[in-house]
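So the structure is just underneath, and the comments pick up after that.
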Amino acid sequence: MSADASYPPGPDGVPVVGNTFALSHDIFEFYERLREEYGPIASYRVFGTDACMVAHPDAVRRVLLDDHDAFVKGDVLTRNLEDAMGEGLFVTEGEQWRQQRTRVQPSFYRERLNTYVPEMRTTASETVEEWRDGAVVEANEAMTATTMKVLGRTLFGVDVTDEPVVADASAAILARFDTSRFWSFLPDTVPTPTNRRYRRELDRLREFVDELAARRRAQSPAERGDDLLSTLVGFVEASDLSREEFRDNMITFLFAGHETTALGLTYALLCLARNPDEQTRLREEVDSVCEGAVEADHLPELERTGRAIDEALRLYPPVYMFFREAARDVELGGYEIPAGTTLVLPQWVVHRDAAWWDDPATFRPERFAGDADRPEYAHFPFGGGPRHCIGMRFARMEMKTVLATILRDYRFELVSAAEPELVASSNLKPGEPIELRIHERG
């Protein structure tokens, strides 16, 4: 610590609950006001927990990359997710995390992911084949069903949309972490109706995961294939992975593997519906590059499509903030951060900061063309450093494939609110339907 380092400034809270009321009233406004009134590094308190917002790209880089060993996932995250994913890749630390990451990583190598593209395209085609000219489609509902099918078929070899338990558990998890509800900040041991539902659906999801594993173990090696489920089952059989680690990793991938991608696609469709000229340019690119069905070799050439996705993820990051905890006393941005402090890294705030983005509320995909004069971590929808999202490539390939498949057959216009209400749950969810009127290409 330098001699002149001080604790970050921040608002006074009320006894016991600290700043919880202001945070639960409007989490986006709360963090934006923190930045405006106290700067990009500011402190606050939630139910006795010392917290610090870190909203400067250079400080974000230090936390996620440069000094990542000084920060852990922390008590806030592990306490809330311990039941659902406590032994999984998203929550574990140290050697346990490194071993799991090493074992799972081959399932997400580019060569392996390329083999998933035909299934991604087929699933997207099945979605648009159900649409009719002039119909109104609810974007998030359609994209959630699509990405759930893709996930099940590619990584687990089953169509999980046939299993209501997965959707029910996802809904219960989202309700549990809806930050607009004051009781979401209470421990899940408090028997609120939301917490009781969360535990009940989580138990059902565990039973479903165990059944998937049992079915796969009953197959011969030749029948199993080499998808993620078979890989994890094989590690359990070799005693390289405990049953708890297997179950929690399955839940992690089932939940995180479709929800964030569905939201990314939903917001990309929203942005393109509001910007018909950009939609036309993307359609022309798809026609030029793909010449029919989308193939894995086409994806790198869909550069404009990739930029549109990046810009949608900037404006509406499905994961709108990351948590870390200082494992030791550190100095960050000239401030003293004591060990045990919870750090919140809000993509929502950084992605919309006028210091890094001209006219930040406007959809402008060309921002991502060529080199930009802004810090690397001014845009971090998938995190960063060694713990960046392992499914990043999978998600980006899926979003490009699905979006290109839709653009090949349809144009669409927005018939619902231009700026939908948003709900800060475990992910950034639309609080109202995003409705598109679709038109077949003549």
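Please note that chains go A, B, ... in the order of the structure tokens, that every chain numbers its residues from 1, and that ligands are numbered from 1 in the order shown.
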
Shell of 12 Å around Arg110 in chain A, only C-alpha atoms, local chain residues under 4 positions omitted, as an mmCIF file with N, CA, C and O atoms, in the first residue's frame:
```cif
data_model
loop_
_atom_site.group_PDB
_atom_site.id
_atom_site.type_symbol
_atom_site.label_atom_id
_atom_site.label_comp_id
_atom_site.auth_asym_id
_atom_site.auth_seq_id
_atom_site.Cartn_x
_atom_site.Cartn_y
_atom_site.Cartn_z
ATOM 1 N N GLN A 105 -11.809 -28.292 -21.156
ATOM 2 C CA GLN A 105 -11.401 -27.391 -22.235
ATOM 3 C C GLN A 105 -11.423 -28.022 -23.626
ATOM 4 O O GLN A 105 -11.874 -27.374 -24.595
ATOM 5 N N PRO A 106 -10.962 -29.274 -23.827
ATOM 6 C CA PRO A 106 -10.973 -29.837 -25.187
ATOM 7 C C PRO A 106 -12.347 -29.853 -25.849
ATOM 8 O O PRO A 106 -12.436 -29.812 -27.078
ATOM 9 N N ASN A 114 -16.384 -26.559 -34.430
ATOM 10 C CA ASN A 114 -16.786 -26.531 -35.841
ATOM 11 C C ASN A 114 -17.733 -27.677 -36.182
ATOM 12 O O ASN A 114 -18.591 -27.541 -37.064
ATOM 13 N N THR A 115 -17.584 -28.799 -35.495
ATOM 14 C CA THR A 115 -18.463 -29.947 -35.760
ATOM 15 C C THR A 115 -19.882 -29.711 -35.246
ATOM 16 O O THR A 115 -20.799 -30.446 -35.621
ATOM 17 N N TYR A 116 -20.054 -28.703 -34.394
ATOM 18 C CA TYR A 116 -21.384 -28.408 -33.856
ATOM 19 C C TYR A 116 -22.194 -27.511 -34.781
ATOM 20 O O TYR A 116 -23.419 -27.396 -34.629
ATOM 21 N N VAL A 117 -21.543 -26.839 -35.724
ATOM 22 C CA VAL A 117 -22.238 -25.850 -36.543
ATOM 23 C C VAL A 117 -23.406 -26.452 -37.329
ATOM 24 O O VAL A 117 -24.480 -25.840 -37.394
ATOM 25 N N ALA A 296 -19.399 -23.854 -41.067
ATOM 26 C CA ALA A 296 -18.382 -23.400 -40.120
ATOM 27 C C ALA A 296 -17.345 -22.510 -40.796
ATOM 28 O O ALA A 296 -16.888 -21.515 -40.219
ATOM 29 N N ASP A 297 -16.986 -22.843 -42.050
ATOM 30 C CA ASP A 297 -15.978 -22.061 -42.765
ATOM 31 C C ASP A 297 -16.450 -20.644 -43.077
ATOM 32 O O ASP A 297 -15.630 -19.753 -43.340
ATOM 33 N N LEU A 299 -18.184 -18.669 -40.986
ATOM 34 C CA LEU A 299 -18.322 -17.812 -39.806
ATOM 35 C C LEU A 299 -17.237 -16.741 -39.686
ATOM 36 O O LEU A 299 -17.559 -15.587 -39.360
ATOM 37 N N PRO A 300 -15.950 -17.059 -39.910
ATOM 38 C CA PRO A 300 -14.946 -15.991 -39.800
ATOM 39 C C PRO A 300 -15.159 -14.854 -40.795
ATOM 40 O O PRO A 300 -14.721 -13.723 -40.548
ATOM 41 N N ILE A 390 -15.642 -20.114 -20.513
ATOM 42 C CA ILE A 390 -15.121 -21.225 -21.314
ATOM 43 C C ILE A 390 -15.975 -21.453 -22.560
ATOM 44 O O ILE A 390 -15.512 -21.980 -23.561
ATOM 45 N N GLY A 391 -17.229 -21.041 -22.504
ATOM 46 C CA GLY A 391 -18.129 -21.233 -23.633
ATOM 47 C C GLY A 391 -18.204 -20.050 -24.581
ATOM 48 O O GLY A 391 -19.102 -19.990 -25.422
ATOM 49 N N MET A 392 -17.238 -19.122 -24.492
ATOM 50 C CA MET A 392 -17.286 -17.911 -25.318
ATOM 51 C C MET A 392 -17.322 -18.243 -26.805
ATOM 52 O O MET A 392 -18.159 -17.726 -27.553
ATOM 53 N N ARG A 393 -16.412 -19.090 -27.279
ATOM 54 C CA ARG A 393 -16.383 -19.425 -28.705
ATOM 55 C C ARG A 393 -17.670 -20.134 -29.119
ATOM 56 O O ARG A 393 -18.226 -19.870 -30.197
ATOM 57 N N PHE A 394 -18.130 -21.054 -28.294
ATOM 58 C CA PHE A 394 -19.373 -21.764 -28.577
ATOM 59 C C PHE A 394 -20.501 -20.753 -28.748
ATOM 60 O O PHE A 394 -21.272 -20.809 -29.719
ATOM 61 N N ALA A 395 -20.614 -19.814 -27.809
ATOM 62 C CA ALA A 395 -21.701 -18.840 -27.852
ATOM 63 C C ALA A 395 -21.609 -17.953 -29.080
ATOM 64 O O ALA A 395 -22.616 -17.685 -29.760
ATOM 65 N N ARG A 396 -20.408 -17.486 -29.411
ATOM 66 C CA ARG A 396 -20.262 -16.594 -30.562
ATOM 67 C C ARG A 396 -20.559 -17.326 -31.870
ATOM 68 O O ARG A 396 -21.195 -16.765 -32.773
ATOM 69 N N MET A 397 -20.107 -18.573 -31.977
ATOM 70 C CA MET A 397 -20.404 -19.351 -33.177
ATOM 71 C C MET A 397 -21.899 -19.595 -33.299
ATOM 72 O O MET A 397 -22.469 -19.487 -34.399
#
```

Range 58-172 of chain A residues near range 254-261 of chain A within 12 Å, closest pair each, using only C-alpha atoms, as JSON lines:
```
{"residue": "A:Ala84", "atom": "CA", "partner": "A:Phe255", "partner_atom": "CA", "distance": 10.0}
{"residue": "A:Met85", "atom": "CA", "partner": "A:Phe255", "partner_atom": "CA", "distance": 10.0}
{"residue": "A:Gly88", "atom": "CA", "partner": "A:Ala256", "partner_atom": "CA", "distance": 11.7}
{"residue": "A:Leu89", "atom": "CA", "partner": "A:Ala256", "partner_atom": "CA", "distance": 11.3}
{"residue": "A:Phe90", "atom": "CA", "partner": "A:Ala256", "partner_atom": "CA", "distance": 9.5}
{"residue": "A:Asn140", "atom": "CA", "partner": "A:Glu259", "partner_atom": "CA", "distance": 9.7}
{"residue": "A:Glu141", "atom": "CA", "partner": "A:Glu259", "partner_atom": "CA", "distance": 10.8}
{"residue": "A:Ala142", "atom": "CA", "partner": "A:Glu259", "partner_atom": "CA", "distance": 11.9}
{"residue": "A:Met143", "atom": "CA", "partner": "A:Thr261", "partner_atom": "CA", "distance": 8.3}
{"residue": "A:Thr144", "atom": "CA", "partner": "A:Glu259", "partner_atom": "CA", "distance": 6.6}
{"residue": "A:Ala145", "atom": "CA", "partner": "A:His258", "partner_atom": "CA", "distance": 8.9}
{"residue": "A:Thr146", "atom": "CA", "partner": "A:His258", "partner_atom": "CA", "distance": 8.7}
{"residue": "A:Thr147", "atom": "CA", "partner": "A:His258", "partner_atom": "CA", "distance": 5.2}
{"residue": "A:Met148", "atom": "CA", "partner": "A:His258", "partner_atom": "CA", "distance": 5.4}
{"residue": "A:Lys149", "atom": "CA", "partner": "A:His258", "partner_atom": "CA", "distance": 8.7}
{"residue": "A:Val150", "atom": "CA", "partner": "A:His258", "partner_atom": "CA", "distance": 8.1}
{"residue": "A:Leu151", "atom": "CA", "partner": "A:His258", "partner_atom": "CA", "distance": 6.4}
{"residue": "A:Gly152", "atom": "CA", "partner": "A:Leu254", "partner_atom": "CA", "distance": 8.0}
{"residue": "A:Arg153", "atom": "CA", "partner": "A:Leu254", "partner_atom": "CA", "distance": 11.6}
{"residue": "A:Thr154", "atom": "CA", "partner": "A:Gly257", "partner_atom": "CA", "distance": 11.1}
{"residue": "A:Leu155", "atom": "CA", "partner": "A:Leu254", "partner_atom": "CA", "distance": 9.4}
{"residue": "A:Phe156", "atom": "CA", "partner": "A:Leu254", "partner_atom": "CA", "distance": 9.2}
{"residue": "A:Val158", "atom": "CA", "partner": "A:Leu254", "partner_atom": "CA", "distance": 11.8}
{"residue": "A:Asp159", "atom": "CA", "partner": "A:Leu254", "partner_atom": "CA", "distance": 11.7}
{"residue": "A:Val160", "atom": "CA", "partner": "A:Leu254", "partner_atom": "CA", "distance": 9.1}
{"residue": "A:Thr161", "atom": "CA", "partner": "A:Leu254", "partner_atom": "CA", "distance": 11.2}
{"residue": "A:Glu163", "atom": "CA", "partner": "A:Leu254", "partner_atom": "CA", "distance": 12.0}
{"residue": "A:Val165", "atom": "CA", "partner": "A:Leu254", "partner_atom": "CA", "distance": 11.2}
{"residue": "A:Val166", "atom": "CA", "partner": "A:Leu254", "partner_atom": "CA", "distance": 7.7}
{"residue": "A:Ala167", "atom": "CA", "partner": "A:Phe255", "partner_atom": "CA", "distance": 9.0}
{"residue": "A:Asp168", "atom": "CA", "partner": "A:Phe255", "partner_atom": "CA", "distance": 10.9}
{"residue": "A:Ala169", "atom": "CA", "partner": "A:Phe255", "partner_atom": "CA", "distance": 8.5}
{"residue": "A:Ser170", "atom": "CA", "partner": "A:Phe255", "partner_atom": "CA", "distance": 6.4}
{"residue": "A:Ala171", "atom": "CA", "partner": "A:Phe255", "partner_atom": "CA", "distance": 10.0}
{"residue": "A:Ala172", "atom": "CA", "partner": "A:Phe255", "partner_atom": "CA", "distance": 11.2}
```

Take the residues from that selection and put them in a file with N, CA and C atoms, as a CSV table (one decimal), in the first residue's frame.
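File produced: again_16.csv:
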```csv
chain,number,residue,atom,x,y,z
A,84,ALA,N,-26.4,-24.8,-6.0
A,84,ALA,CA,-26.6,-25.2,-7.4
A,84,ALA,C,-25.4,-25.6,-8.2
A,85,MET,N,-24.2,-24.9,-7.9
A,85,MET,CA,-23.1,-25.0,-8.7
A,85,MET,C,-21.8,-25.0,-7.9
A,88,GLY,N,-18.8,-26.8,-9.2
A,88,GLY,CA,-18.6,-26.7,-10.7
A,88,GLY,C,-17.6,-25.7,-11.0
A,89,LEU,N,-17.3,-25.6,-12.3
A,89,LEU,CA,-16.3,-24.8,-12.9
A,89,LEU,C,-16.5,-23.3,-12.6
A,90,PHE,N,-17.7,-22.9,-12.5
A,90,PHE,CA,-18.0,-21.5,-12.4
A,90,PHE,C,-17.6,-20.9,-11.0
A,140,ASN,N,-37.3,-13.4,-27.3
A,140,ASN,CA,-36.6,-14.2,-26.2
A,140,ASN,C,-37.2,-15.6,-26.1
A,141,GLU,N,-38.5,-15.7,-26.2
A,141,GLU,CA,-39.0,-17.1,-26.1
A,141,GLU,C,-38.5,-18.0,-27.2
A,142,ALA,N,-38.5,-17.4,-28.5
A,142,ALA,CA,-38.0,-18.2,-29.6
A,142,ALA,C,-36.5,-18.5,-29.5
A,143,MET,N,-35.7,-17.6,-29.1
A,143,MET,CA,-34.3,-17.8,-28.9
A,143,MET,C,-33.9,-18.7,-27.8
A,144,THR,N,-34.7,-18.6,-26.7
A,144,THR,CA,-34.4,-19.5,-25.6
A,144,THR,C,-34.7,-21.0,-26.0
A,145,ALA,N,-35.8,-21.2,-26.7
A,145,ALA,CA,-36.1,-22.6,-27.1
A,145,ALA,C,-35.0,-23.1,-28.1
A,146,THR,N,-34.5,-22.2,-29.0
A,146,THR,CA,-33.5,-22.6,-29.9
A,146,THR,C,-32.2,-22.9,-29.3
A,147,THR,N,-31.7,-22.0,-28.4
A,147,THR,CA,-30.4,-22.3,-27.8
A,147,THR,C,-30.5,-23.5,-26.8
A,148,MET,N,-31.6,-23.7,-26.2
A,148,MET,CA,-31.8,-24.9,-25.3
A,148,MET,C,-31.6,-26.2,-26.1
A,149,LYS,N,-32.3,-26.2,-27.3
A,149,LYS,CA,-32.1,-27.4,-28.2
A,149,LYS,C,-30.7,-27.5,-28.7
A,150,VAL,N,-30.0,-26.4,-29.1
A,150,VAL,CA,-28.7,-26.5,-29.5
A,150,VAL,C,-27.8,-27.1,-28.4
A,151,LEU,N,-27.9,-26.6,-27.2
A,151,LEU,CA,-27.1,-27.0,-26.1
A,151,LEU,C,-27.3,-28.5,-25.9
A,152,GLY,N,-28.5,-28.9,-25.8
A,152,GLY,CA,-28.8,-30.4,-25.5
A,152,GLY,C,-28.3,-31.3,-26.6
A,153,ARG,N,-28.5,-30.9,-27.8
A,153,ARG,CA,-28.1,-31.8,-28.9
A,153,ARG,C,-26.6,-31.9,-29.1
A,154,THR,N,-25.9,-30.7,-28.9
A,154,THR,CA,-24.5,-30.7,-29.2
A,154,THR,C,-23.7,-31.2,-28.0
A,155,LEU,N,-24.0,-30.7,-26.8
A,155,LEU,CA,-23.1,-31.1,-25.7
A,155,LEU,C,-23.6,-32.3,-24.9
A,156,PHE,N,-24.9,-32.6,-25.0
A,156,PHE,CA,-25.4,-33.7,-24.1
A,156,PHE,C,-26.1,-34.8,-24.9
A,158,VAL,N,-29.0,-35.0,-26.2
A,158,VAL,CA,-30.5,-35.2,-25.9
A,158,VAL,C,-31.2,-33.8,-26.2
A,159,ASP,N,-32.4,-33.9,-26.4
A,159,ASP,CA,-33.2,-32.7,-26.6
A,159,ASP,C,-33.8,-32.3,-25.3
A,160,VAL,N,-33.2,-31.4,-24.6
A,160,VAL,CA,-33.6,-31.1,-23.2
A,160,VAL,C,-34.9,-30.3,-23.2
A,161,THR,N,-35.3,-29.8,-24.4
A,161,THR,CA,-36.6,-29.0,-24.4
A,161,THR,C,-37.8,-30.0,-24.1
A,163,GLU,N,-37.8,-31.8,-21.7
A,163,GLU,CA,-37.8,-32.0,-20.2
A,163,GLU,C,-38.1,-30.7,-19.5
A,165,VAL,N,-38.3,-29.9,-16.6
A,165,VAL,CA,-37.6,-29.6,-15.4
A,165,VAL,C,-36.5,-28.6,-15.6
A,166,VAL,N,-35.9,-28.6,-16.8
A,166,VAL,CA,-34.8,-27.7,-17.1
A,166,VAL,C,-35.3,-26.2,-17.1
A,167,ALA,N,-36.4,-26.0,-17.9
A,167,ALA,CA,-37.0,-24.7,-18.0
A,167,ALA,C,-37.5,-24.2,-16.6
A,168,ASP,N,-38.1,-25.2,-15.8
A,168,ASP,CA,-38.6,-24.8,-14.5
A,168,ASP,C,-37.5,-24.4,-13.6
A,169,ALA,N,-36.4,-25.1,-13.6
A,169,ALA,CA,-35.3,-24.8,-12.8
A,169,ALA,C,-34.7,-23.5,-13.2
A,170,SER,N,-34.6,-23.2,-14.5
A,170,SER,CA,-34.0,-21.9,-14.9
A,170,SER,C,-34.9,-20.8,-14.4
A,171,ALA,N,-36.2,-20.9,-14.5
A,171,ALA,CA,-37.1,-19.9,-14.0
A,171,ALA,C,-37.0,-19.7,-12.5
A,172,ALA,N,-36.8,-20.7,-11.8
A,172,ALA,CA,-36.6,-20.6,-10.3
A,172,ALA,C,-35.3,-19.9,-10.0
```

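Taking CA of Met250 in chain A and CA of Asn427 in chain A as the two end points, the separation is 18.6 Å.
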
Could you give me the residues within range 45-282 of chain A that DSSP places in helix (DSSP H, G or I), as an MDAnalysis selection string? chainID A and resid 57:66 68:70 74:85 94:108 110:114 117:129 139:156 160:162 164:176 182:185 193:217 221:224 228:237 243:274 276:282

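Closest approach to Pro360 in chain A among A:Ser425, A:Leu269, A:Ala327, A:Tyr316: A:Tyr316, based on only C-alpha atoms.
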
Ranking A:Arg33, A:Arg199, A:His68, A:Arg352 by minimum distance to Arg387 in chain A and counting only C-alpha atoms, which one comes first?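 Answer, going by the shortest atom-to-atom distance: A:His68.
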
Mind the document's chain letters and residue numbers, and return as a compact mmCIF listing (two decimals) with all heavy atoms, in the first residue's frame the residues of range 264-356 of chain A that DSSP labels strand (DSSP E or B).
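Contents of the output file result-v8.txt:
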```
# COMPACT_ATOMS: atom_id res chain seq x y z
N PHE A 322 -19.76 -8.87 -12.88
CA PHE A 322 -19.00 -9.97 -12.31
C PHE A 322 -18.69 -9.67 -10.85
O PHE A 322 -18.58 -8.50 -10.45
CB PHE A 322 -17.68 -10.18 -13.06
CG PHE A 322 -17.82 -10.84 -14.39
CD1 PHE A 322 -17.38 -10.22 -15.54
CD2 PHE A 322 -18.39 -12.09 -14.50
CE1 PHE A 322 -17.50 -10.82 -16.78
CE2 PHE A 322 -18.52 -12.71 -15.73
CZ PHE A 322 -18.08 -12.07 -16.88
N PHE A 323 -18.53 -10.74 -10.08
CA PHE A 323 -18.14 -10.60 -8.67
C PHE A 323 -16.73 -11.14 -8.46
O PHE A 323 -16.36 -12.16 -9.04
CB PHE A 323 -19.10 -11.39 -7.76
CG PHE A 323 -20.47 -10.79 -7.64
CD1 PHE A 323 -21.51 -11.25 -8.41
CD2 PHE A 323 -20.71 -9.77 -6.74
CE1 PHE A 323 -22.78 -10.72 -8.30
CE2 PHE A 323 -21.97 -9.22 -6.61
CZ PHE A 323 -23.01 -9.69 -7.39
N ARG A 324 -15.99 -10.48 -7.62
CA ARG A 324 -14.73 -10.99 -7.10
C ARG A 324 -14.62 -10.56 -5.64
O ARG A 324 -15.36 -9.69 -5.17
CB ARG A 324 -13.53 -10.46 -7.89
CG ARG A 324 -13.38 -10.99 -9.29
CD ARG A 324 -13.07 -12.47 -9.33
NE ARG A 324 -12.78 -12.94 -10.68
CZ ARG A 324 -13.69 -13.40 -11.52
NH1 ARG A 324 -14.97 -13.42 -11.17
NH2 ARG A 324 -13.34 -13.83 -12.73
N GLU A 325 -13.68 -11.16 -4.93
CA GLU A 325 -13.40 -10.77 -3.54
C GLU A 325 -11.90 -10.66 -3.37
O GLU A 325 -11.14 -11.51 -3.86
CB GLU A 325 -13.96 -11.81 -2.57
CG GLU A 325 -13.76 -11.45 -1.10
CD GLU A 325 -14.36 -12.50 -0.19
OE1 GLU A 325 -15.59 -12.74 -0.27
OE2 GLU A 325 -13.59 -13.08 0.61
N ALA A 326 -11.45 -9.59 -2.73
CA ALA A 326 -10.02 -9.40 -2.50
C ALA A 326 -9.52 -10.45 -1.53
O ALA A 326 -10.00 -10.56 -0.40
CB ALA A 326 -9.76 -8.00 -1.95
N VAL A 330 -5.15 -4.96 -1.19
CA VAL A 330 -4.60 -4.56 -2.48
C VAL A 330 -4.84 -3.07 -2.67
O VAL A 330 -5.71 -2.47 -2.05
CB VAL A 330 -5.23 -5.34 -3.66
CG1 VAL A 330 -4.89 -6.81 -3.59
CG2 VAL A 330 -6.74 -5.14 -3.69
N GLU A 331 -4.05 -2.50 -3.57
CA GLU A 331 -4.28 -1.11 -3.99
C GLU A 331 -4.79 -1.14 -5.42
O GLU A 331 -4.20 -1.78 -6.29
CB GLU A 331 -2.98 -0.30 -3.89
CG GLU A 331 -3.19 1.19 -4.18
CD GLU A 331 -1.92 1.99 -3.98
OE1 GLU A 331 -1.11 1.64 -3.11
OE2 GLU A 331 -1.75 2.98 -4.73
N LEU A 332 -5.88 -0.44 -5.65
CA LEU A 332 -6.53 -0.49 -6.96
C LEU A 332 -6.95 0.93 -7.33
O LEU A 332 -7.76 1.56 -6.63
CB LEU A 332 -7.75 -1.41 -6.90
CG LEU A 332 -8.39 -1.85 -8.22
CD1 LEU A 332 -7.40 -2.65 -9.06
CD2 LEU A 332 -9.64 -2.68 -7.96
N TYR A 335 -6.67 3.43 -4.59
CA TYR A 335 -7.47 3.22 -3.39
C TYR A 335 -7.05 1.95 -2.67
O TYR A 335 -6.60 0.97 -3.28
CB TYR A 335 -8.96 3.12 -3.74
CG TYR A 335 -9.55 4.42 -4.23
CD1 TYR A 335 -9.92 4.57 -5.57
CD2 TYR A 335 -9.74 5.49 -3.36
CE1 TYR A 335 -10.46 5.76 -6.03
CE2 TYR A 335 -10.29 6.68 -3.81
CZ TYR A 335 -10.64 6.81 -5.15
OH TYR A 335 -11.18 7.99 -5.59
N GLU A 336 -7.25 1.93 -1.38
CA GLU A 336 -6.97 0.77 -0.54
C GLU A 336 -8.20 -0.14 -0.51
O GLU A 336 -9.29 0.30 -0.15
CB GLU A 336 -6.63 1.23 0.88
CG GLU A 336 -6.48 0.10 1.88
CD GLU A 336 -6.32 0.61 3.31
OE1 GLU A 336 -6.12 1.82 3.48
OE2 GLU A 336 -6.43 -0.21 4.22
N ILE A 337 -8.00 -1.37 -0.92
CA ILE A 337 -9.08 -2.36 -0.91
C ILE A 337 -8.70 -3.44 0.10
O ILE A 337 -7.82 -4.27 -0.17
CB ILE A 337 -9.29 -2.99 -2.30
CG1 ILE A 337 -9.42 -1.92 -3.39
CG2 ILE A 337 -10.49 -3.93 -2.27
CD1 ILE A 337 -10.64 -1.05 -3.26
N THR A 342 -15.92 -7.29 -1.19
CA THR A 342 -16.56 -7.79 -2.41
C THR A 342 -16.42 -6.75 -3.51
O THR A 342 -16.76 -5.58 -3.32
CB THR A 342 -18.05 -8.07 -2.16
OG1 THR A 342 -18.17 -9.15 -1.23
CG2 THR A 342 -18.77 -8.45 -3.45
N LEU A 343 -15.90 -7.17 -4.66
CA LEU A 343 -15.76 -6.28 -5.80
C LEU A 343 -16.83 -6.61 -6.84
O LEU A 343 -17.06 -7.79 -7.16
CB LEU A 343 -14.38 -6.43 -6.45
CG LEU A 343 -13.16 -6.20 -5.55
CD1 LEU A 343 -11.88 -6.33 -6.35
CD2 LEU A 343 -13.22 -4.83 -4.90
N VAL A 344 -17.49 -5.59 -7.33
CA VAL A 344 -18.49 -5.75 -8.39
C VAL A 344 -17.97 -5.04 -9.63
O VAL A 344 -17.65 -3.85 -9.59
CB VAL A 344 -19.84 -5.16 -7.96
CG1 VAL A 344 -20.84 -5.23 -9.12
CG2 VAL A 344 -20.39 -5.91 -6.76
N LEU A 345 -17.86 -5.78 -10.74
CA LEU A 345 -17.37 -5.24 -12.01
C LEU A 345 -18.56 -5.17 -12.97
O LEU A 345 -18.93 -6.18 -13.58
CB LEU A 345 -16.28 -6.16 -12.59
CG LEU A 345 -14.89 -6.17 -11.94
CD1 LEU A 345 -14.92 -6.54 -10.48
CD2 LEU A 345 -13.97 -7.10 -12.70
```

Residues of range 95-155 of chain A at most 12 Å from range 413-417 of chain A: nearest atom pair and distance in Å, only C-alpha atoms, as a Markdown table:
```
| residue | atom | partner | partner_atom | distance |
| --- | --- | --- | --- | --- |
| A:Gly134 | CA | A:Glu413 | CA | 10.1 |
| A:Ala135 | CA | A:Glu413 | CA | 10.9 |
| A:Val136 | CA | A:Val415 | CA | 8.1 |
| A:Val137 | CA | A:Val415 | CA | 9.7 |
| A:Glu138 | CA | A:Ser416 | CA | 9.5 |
| A:Ala139 | CA | A:Leu414 | CA | 10.0 |
```

Please provide the set of residues having any atom within 12 Å of Phe30 in chain A, restricted to only C-alpha atoms, with same-chain residues fewer than 6 positions apart removed, written as a list in words.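 Once the nearby chain positions are removed, what remains is Gly10, Pro11, Asn19, Thr20, Phe21, Ala22, Leu23, Ser24, Glu36, Glu37, Tyr38, Ala42, Ser43, Tyr44, Met53, Thr179, Ser180, Pro346, Trp348 and Val349 of chain A.
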
Next, the residues of the selection above should be written as a tab-separated table (two decimals), in the first residue's frame with N, CA and C atoms.
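Listed below is the output, result_38.tsv:
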```tsv
chain	number	residue	atom	x	y	z
A	10	GLY	N	-17.91	6.66	-1.11
A	10	GLY	CA	-19.20	6.07	-1.41
A	10	GLY	C	-20.30	6.66	-0.56
A	11	PRO	N	-21.54	6.30	-0.84
A	11	PRO	CA	-22.68	6.87	-0.12
A	11	PRO	C	-22.85	6.26	1.26
A	19	ASN	N	-26.80	0.00	1.84
A	19	ASN	CA	-27.37	0.60	0.63
A	19	ASN	C	-28.29	-0.36	-0.12
A	20	THR	N	-28.77	-1.39	0.56
A	20	THR	CA	-29.54	-2.44	-0.10
A	20	THR	C	-30.82	-1.91	-0.73
A	21	PHE	N	-31.53	-1.00	-0.06
A	21	PHE	CA	-32.78	-0.49	-0.61
A	21	PHE	C	-32.55	0.22	-1.94
A	22	ALA	N	-31.54	1.08	-2.00
A	22	ALA	CA	-31.24	1.80	-3.24
A	22	ALA	C	-30.80	0.84	-4.34
A	23	LEU	N	-30.04	-0.18	-3.97
A	23	LEU	CA	-29.56	-1.17	-4.94
A	23	LEU	C	-30.71	-1.96	-5.52
A	24	SER	N	-31.65	-2.39	-4.67
A	24	SER	CA	-32.76	-3.22	-5.15
A	24	SER	C	-33.81	-2.39	-5.89
A	36	GLU	N	-21.02	8.45	-11.33
A	36	GLU	CA	-21.14	9.89	-11.55
A	36	GLU	C	-20.75	10.69	-10.31
A	37	GLU	N	-21.13	10.21	-9.12
A	37	GLU	CA	-20.93	10.99	-7.91
A	37	GLU	C	-19.62	10.70	-7.20
A	38	TYR	N	-19.09	9.48	-7.36
A	38	TYR	CA	-17.90	9.10	-6.60
A	38	TYR	C	-16.74	8.62	-7.46
A	42	ALA	N	-15.82	2.94	-6.31
A	42	ALA	CA	-16.61	3.52	-5.22
A	42	ALA	C	-17.10	2.40	-4.31
A	43	SER	N	-17.31	2.74	-3.05
A	43	SER	CA	-17.69	1.74	-2.05
A	43	SER	C	-19.17	1.87	-1.67
A	44	TYR	N	-19.71	0.78	-1.14
A	44	TYR	CA	-21.07	0.77	-0.59
A	44	TYR	C	-21.20	-0.46	0.30
A	53	MET	N	-17.55	-1.03	-6.15
A	53	MET	CA	-17.75	-1.06	-7.59
A	53	MET	C	-16.43	-0.73	-8.30
A	179	THR	N	-32.75	-8.94	-8.74
A	179	THR	CA	-32.29	-7.89	-7.83
A	179	THR	C	-33.32	-6.79	-7.62
A	180	SER	N	-34.41	-6.80	-8.38
A	180	SER	CA	-35.46	-5.81	-8.14
A	180	SER	C	-36.31	-6.18	-6.93
A	346	PRO	N	-19.22	-4.01	-13.07
A	346	PRO	CA	-20.47	-3.93	-13.84
A	346	PRO	C	-20.24	-3.62	-15.32
A	348	TRP	N	-22.48	-3.31	-17.47
A	348	TRP	CA	-23.50	-2.34	-17.86
A	348	TRP	C	-22.95	-0.92	-17.79
A	349	VAL	N	-22.22	-0.60	-16.73
A	349	VAL	CA	-21.70	0.75	-16.53
A	349	VAL	C	-20.52	1.02	-17.46
```

Residue contacts of Ala369 in chain A (9 Å, only C-alpha atoms) excluding same-chain residues fewer than 5 positions away, as an NGL selection string: :A and (303-304 or 307)

What separation in Å, quoted to one decimal, exists between CA of Gly18 in chain A and CA of Arg35 in chain A?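 Going from CA of Gly18 in chain A over to CA of Arg35 in chain A, I get 18.0 Å.
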